[in-house]
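Undergrad: One structure is given below, represented as structure tokens, and several questions about it will come after.
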Amino acid sequence: MNGSVRIGHVVGVPLRMHWSVPLLVVLFAYGLGRQTLPVITPGRSTVVYALAGVVGAALLTGSLLLHETAHAAIARRKQISVEDVTLWALGGITRMGRPQTAAAAFAVAVSGPLTSLLIGGVALGAGFGLSQLSLWEVPAVVLVWLGWANVILGVFNLLPAVPLDGGRVVQALLWWRTGDRDRADLVASRGGQVMGALLVAAGWFSVLRGMPSGLWLAFIGLFVMVVAGSERRRATLQSALHGIRVVDAMSSPVETGADWLTVQRFIEEVAVHTGHSAVPLLDFEGRPSGMAQLRRLAAIPVAQREELRMRDVATPLSHCAVAAPDELLTEALEKLSLRAGLPILVVDAGHLVGIITAKDVSRLMQRHTLSGRAGAG
């Protein structure tokens with residue numbers, strides 16, 4: 001996610017934090033320390049309230065992390081690739097590949113809300129227990145606040161709206177019931193758009209009734225609508241490309257360049273004559289070694305272009321999307337969520353035999369649309 005920085009690892013995958021997380025902690029700490037605690041447990045010092053607010057906000061942030069960690073841990077257990085976990089203002093995002101079975105999809109989706117509900121139950125139990133002790137009123141209130149926050153988080157995430165976990169659960173159940181993954185994705189994404197619109201409407205209604213907190217609900221609804229719309233387009237793409245293999249979608253032959261050329265020579269002999277924004281590179285043995293992005297070449301100082309080789313400035317093959325000719329196109333496109341994106345290099349027995357660009361995918365989509373209209377006619 002843009003605006004996030006890597007801060008470590010969790011269950012073996014990179015952990016990132018968005019710039020909005022510190023702001024979220026400050027808001028929670030302020031609300032707990034300046035509003036909730038003084039009302040429920042009056043008579044304490046400002047320092048006690050401030051410290052309790054910070055601790056409560058930190059515990060809630062840790063709860064959000066455990067929620068996302070559960071998703072990542074179950075995904076890895078189900079042999080699903082996980083790129084990273086990112087914390088941000090709306091909770092967190094775990095970027096991963098698509099589950100291969102409905103059971104795996106269900107397990108990953110439900111793990112997060114169950115973790116939040118479990119944390120909520122434990123915190124509420126501990127908080128109500130401490131409330132019986134006269135000197136532990138402030139920690140008790142913090143734990144009860146943390147417990148209810150996690151219960152609300154768990155219940156809210158179970159709403160049947162993609163990209164919320166409840167929407168993923170609906171996807172998994174529809175996939176299991178119908179056996180049609182694309183149809184399940186399409187139905188769930190439509191439901192997400194409807195639910196997002198309802199949340200936006202509810203948020204604005206709350207604002208008009210004098211409750212500023214409704215803006216937050218409207219913002220969440222807008223986020224749900226945008227992501228659900230993206231998922232719907234993705235589901236439509238998956239349906240249109242169903243059964244098509246890479247060899248039937250790729251463009252061939254491929255315009256390439258040598259990776260041992262200097263940047264200056266590559267620009268003169270290849271870049272100024274190509275109509276593409278990216279050119280695959282081949283090594284001395286004619287095997288693909290990476291991808292040259294022309295916009296990156298323009299940023300290289302002129303004085304260095306005679307010294308640097310293309311292999312030194314290109315995107316290495318290990319960071320490019322690569323597919324085999326007989327691979328399903330939908331499976332090849334799935335790799336794009338965990339890699340740099342299009343184009344896809346088609347490699348057979350170590351040699352470059354084709355390339356799939358955004359134009360190739362668009363061409364297939366147009367063909368699908370035309371054939372659908374012809375069938376309807």
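The way I read the labels, and the way they are meant: chains A, B, ... in the order of the structure tokens, residue 1 as the first residue of every chain, and ligand 1 as the first ligand shown, with later ones counted on from there.
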So which residues touch stretch 279-291 of chain A within 9 Å, counting only C-alpha atoms, skipping near sequence neighbours fewer than 2 positions away, as a ChimeraX atom specification?
TA: /A:254-260,270-271,274,276-277,293-294,310-311,314-320,345,347,350-352,355
Undergrad: Would you put the residues from that selection into a file with N, CA and C atoms, as an mmCIF file, in the first residue's frame?
TA:
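Resulting contents of out15.cif:
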```cif
data_model
loop_
_atom_site.group_PDB
_atom_site.id
_atom_site.type_symbol
_atom_site.label_atom_id
_atom_site.label_comp_id
_atom_site.auth_asym_id
_atom_site.auth_seq_id
_atom_site.Cartn_x
_atom_site.Cartn_y
_atom_site.Cartn_z
ATOM 1 N N VAL A 254 8.731 -11.712 -30.220
ATOM 2 C CA VAL A 254 8.889 -10.643 -29.247
ATOM 3 C C VAL A 254 10.087 -9.774 -29.614
ATOM 4 N N GLU A 255 9.881 -8.477 -29.541
ATOM 5 C CA GLU A 255 10.988 -7.554 -29.750
ATOM 6 C C GLU A 255 11.839 -7.519 -28.487
ATOM 7 N N THR A 256 13.129 -7.825 -28.624
ATOM 8 C CA THR A 256 14.008 -7.927 -27.458
ATOM 9 C C THR A 256 15.271 -7.080 -27.646
ATOM 10 N N GLY A 257 16.054 -7.009 -26.563
ATOM 11 C CA GLY A 257 17.341 -6.331 -26.602
ATOM 12 C C GLY A 257 18.363 -7.150 -25.835
ATOM 13 N N ALA A 258 19.633 -6.907 -26.087
ATOM 14 C CA ALA A 258 20.709 -7.641 -25.411
ATOM 15 C C ALA A 258 21.036 -6.982 -24.084
ATOM 16 N N ASP A 259 21.174 -7.791 -23.027
ATOM 17 C CA ASP A 259 21.420 -7.210 -21.707
ATOM 18 C C ASP A 259 22.873 -6.776 -21.511
ATOM 19 N N TRP A 260 23.789 -7.139 -22.444
ATOM 20 C CA TRP A 260 25.188 -6.731 -22.302
ATOM 21 C C TRP A 260 25.468 -5.376 -22.964
ATOM 22 N N VAL A 270 17.790 0.287 -29.889
ATOM 23 C CA VAL A 270 16.534 -0.396 -29.572
ATOM 24 C C VAL A 270 15.438 0.584 -29.143
ATOM 25 N N ALA A 271 15.724 1.355 -28.104
ATOM 26 C CA ALA A 271 14.684 2.172 -27.476
ATOM 27 C C ALA A 271 14.033 3.164 -28.436
ATOM 28 N N THR A 274 11.555 1.269 -30.882
ATOM 29 C CA THR A 274 10.470 0.406 -30.419
ATOM 30 C C THR A 274 9.199 1.202 -30.157
ATOM 31 N N HIS A 276 7.158 0.068 -27.782
ATOM 32 C CA HIS A 276 6.760 -0.439 -26.475
ATOM 33 C C HIS A 276 7.423 0.358 -25.362
ATOM 34 N N SER A 277 6.805 0.321 -24.199
ATOM 35 C CA SER A 277 7.365 1.014 -23.035
ATOM 36 C C SER A 277 8.284 0.123 -22.224
ATOM 37 N N GLN A 293 12.691 -1.062 -18.597
ATOM 38 C CA GLN A 293 11.633 -0.058 -18.569
ATOM 39 C C GLN A 293 12.196 1.243 -19.137
ATOM 40 N N LEU A 294 11.672 1.688 -20.268
ATOM 41 C CA LEU A 294 12.241 2.851 -20.954
ATOM 42 C C LEU A 294 12.170 4.126 -20.122
ATOM 43 N N MET A 310 22.883 -2.750 -19.586
ATOM 44 C CA MET A 310 21.451 -2.884 -19.397
ATOM 45 C C MET A 310 21.113 -3.838 -18.266
ATOM 46 N N ARG A 311 21.911 -4.883 -18.076
ATOM 47 C CA ARG A 311 21.647 -5.839 -17.010
ATOM 48 C C ARG A 311 21.740 -5.170 -15.627
ATOM 49 N N ALA A 314 18.152 -2.912 -15.433
ATOM 50 C CA ALA A 314 16.871 -3.522 -15.790
ATOM 51 C C ALA A 314 16.230 -4.205 -14.582
ATOM 52 N N THR A 315 14.944 -4.464 -14.693
ATOM 53 C CA THR A 315 14.248 -5.270 -13.698
ATOM 54 C C THR A 315 14.646 -6.731 -13.895
ATOM 55 N N PRO A 316 15.246 -7.379 -12.894
ATOM 56 C CA PRO A 316 15.706 -8.760 -13.081
ATOM 57 C C PRO A 316 14.548 -9.716 -13.310
ATOM 58 N N LEU A 317 14.853 -10.842 -13.930
ATOM 59 C CA LEU A 317 13.817 -11.818 -14.258
ATOM 60 C C LEU A 317 13.080 -12.293 -13.010
ATOM 61 N N SER A 318 13.774 -12.356 -11.888
ATOM 62 C CA SER A 318 13.153 -12.836 -10.649
ATOM 63 C C SER A 318 12.031 -11.924 -10.169
ATOM 64 N N HIS A 319 12.005 -10.666 -10.661
ATOM 65 C CA HIS A 319 10.958 -9.731 -10.277
ATOM 66 C C HIS A 319 9.959 -9.500 -11.407
ATOM 67 N N CYS A 320 10.037 -10.287 -12.456
ATOM 68 C CA CYS A 320 9.089 -10.196 -13.574
ATOM 69 C C CYS A 320 8.072 -11.323 -13.470
ATOM 70 N N LEU A 345 6.085 -12.436 -19.273
ATOM 71 C CA LEU A 345 7.011 -13.094 -20.194
ATOM 72 C C LEU A 345 6.657 -14.571 -20.294
ATOM 73 N N VAL A 347 7.845 -18.123 -21.196
ATOM 74 C CA VAL A 347 9.126 -18.810 -21.316
ATOM 75 C C VAL A 347 8.890 -20.310 -21.441
ATOM 76 N N GLY A 350 13.376 -22.420 -21.002
ATOM 77 C CA GLY A 350 14.396 -21.404 -20.786
ATOM 78 C C GLY A 350 14.486 -20.346 -21.853
ATOM 79 N N HIS A 351 13.657 -20.403 -22.873
ATOM 80 C CA HIS A 351 13.716 -19.430 -23.973
ATOM 81 C C HIS A 351 12.412 -18.631 -24.036
ATOM 82 N N LEU A 352 12.545 -17.350 -24.376
ATOM 83 C CA LEU A 352 11.397 -16.466 -24.487
ATOM 84 C C LEU A 352 10.654 -16.751 -25.791
ATOM 85 N N ILE A 355 4.983 -12.850 -25.263
ATOM 86 C CA ILE A 355 4.762 -11.862 -24.214
ATOM 87 C C ILE A 355 3.279 -11.522 -24.173
#
```
Undergrad: Considering only strand (DSSP E or B) as DSSP defines it on the backbone, what residues of stretch 145-329 of chain A qualify? List them as a PyMOL selection string.
TA: chain A and resi 245+251+257-258+262+278-282+288-293+309+315-316+321-323+328
Undergrad: Can you tell me how far atom CA of A:Gly127 sits from atom CA of A:Leu32, in Å to one decimal?
TA: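 About the pair atom CA of A:Gly127 and atom CA of A:Leu32: they are 15.0 Å apart.
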Undergrad: If we count only C-alpha atoms, what is near A:Ala57 at a cut-off of 7 Å, once residues fewer than 5 positions away on the same chain are taken out, given as number ranges by chain?
TA: A: 25, 28-29
Undergrad: Could you give me the residues within stretch 117-314 of chain A that DSSP places in helix (DSSP H, G or I), as a VMD selection string?
TA: chain A and resid 117 to 130 134 to 157 165 to 178 181 to 208 214 to 240 246 to 249 263 to 269 271 to 273 294 to 298 302 to 304 310 to 313
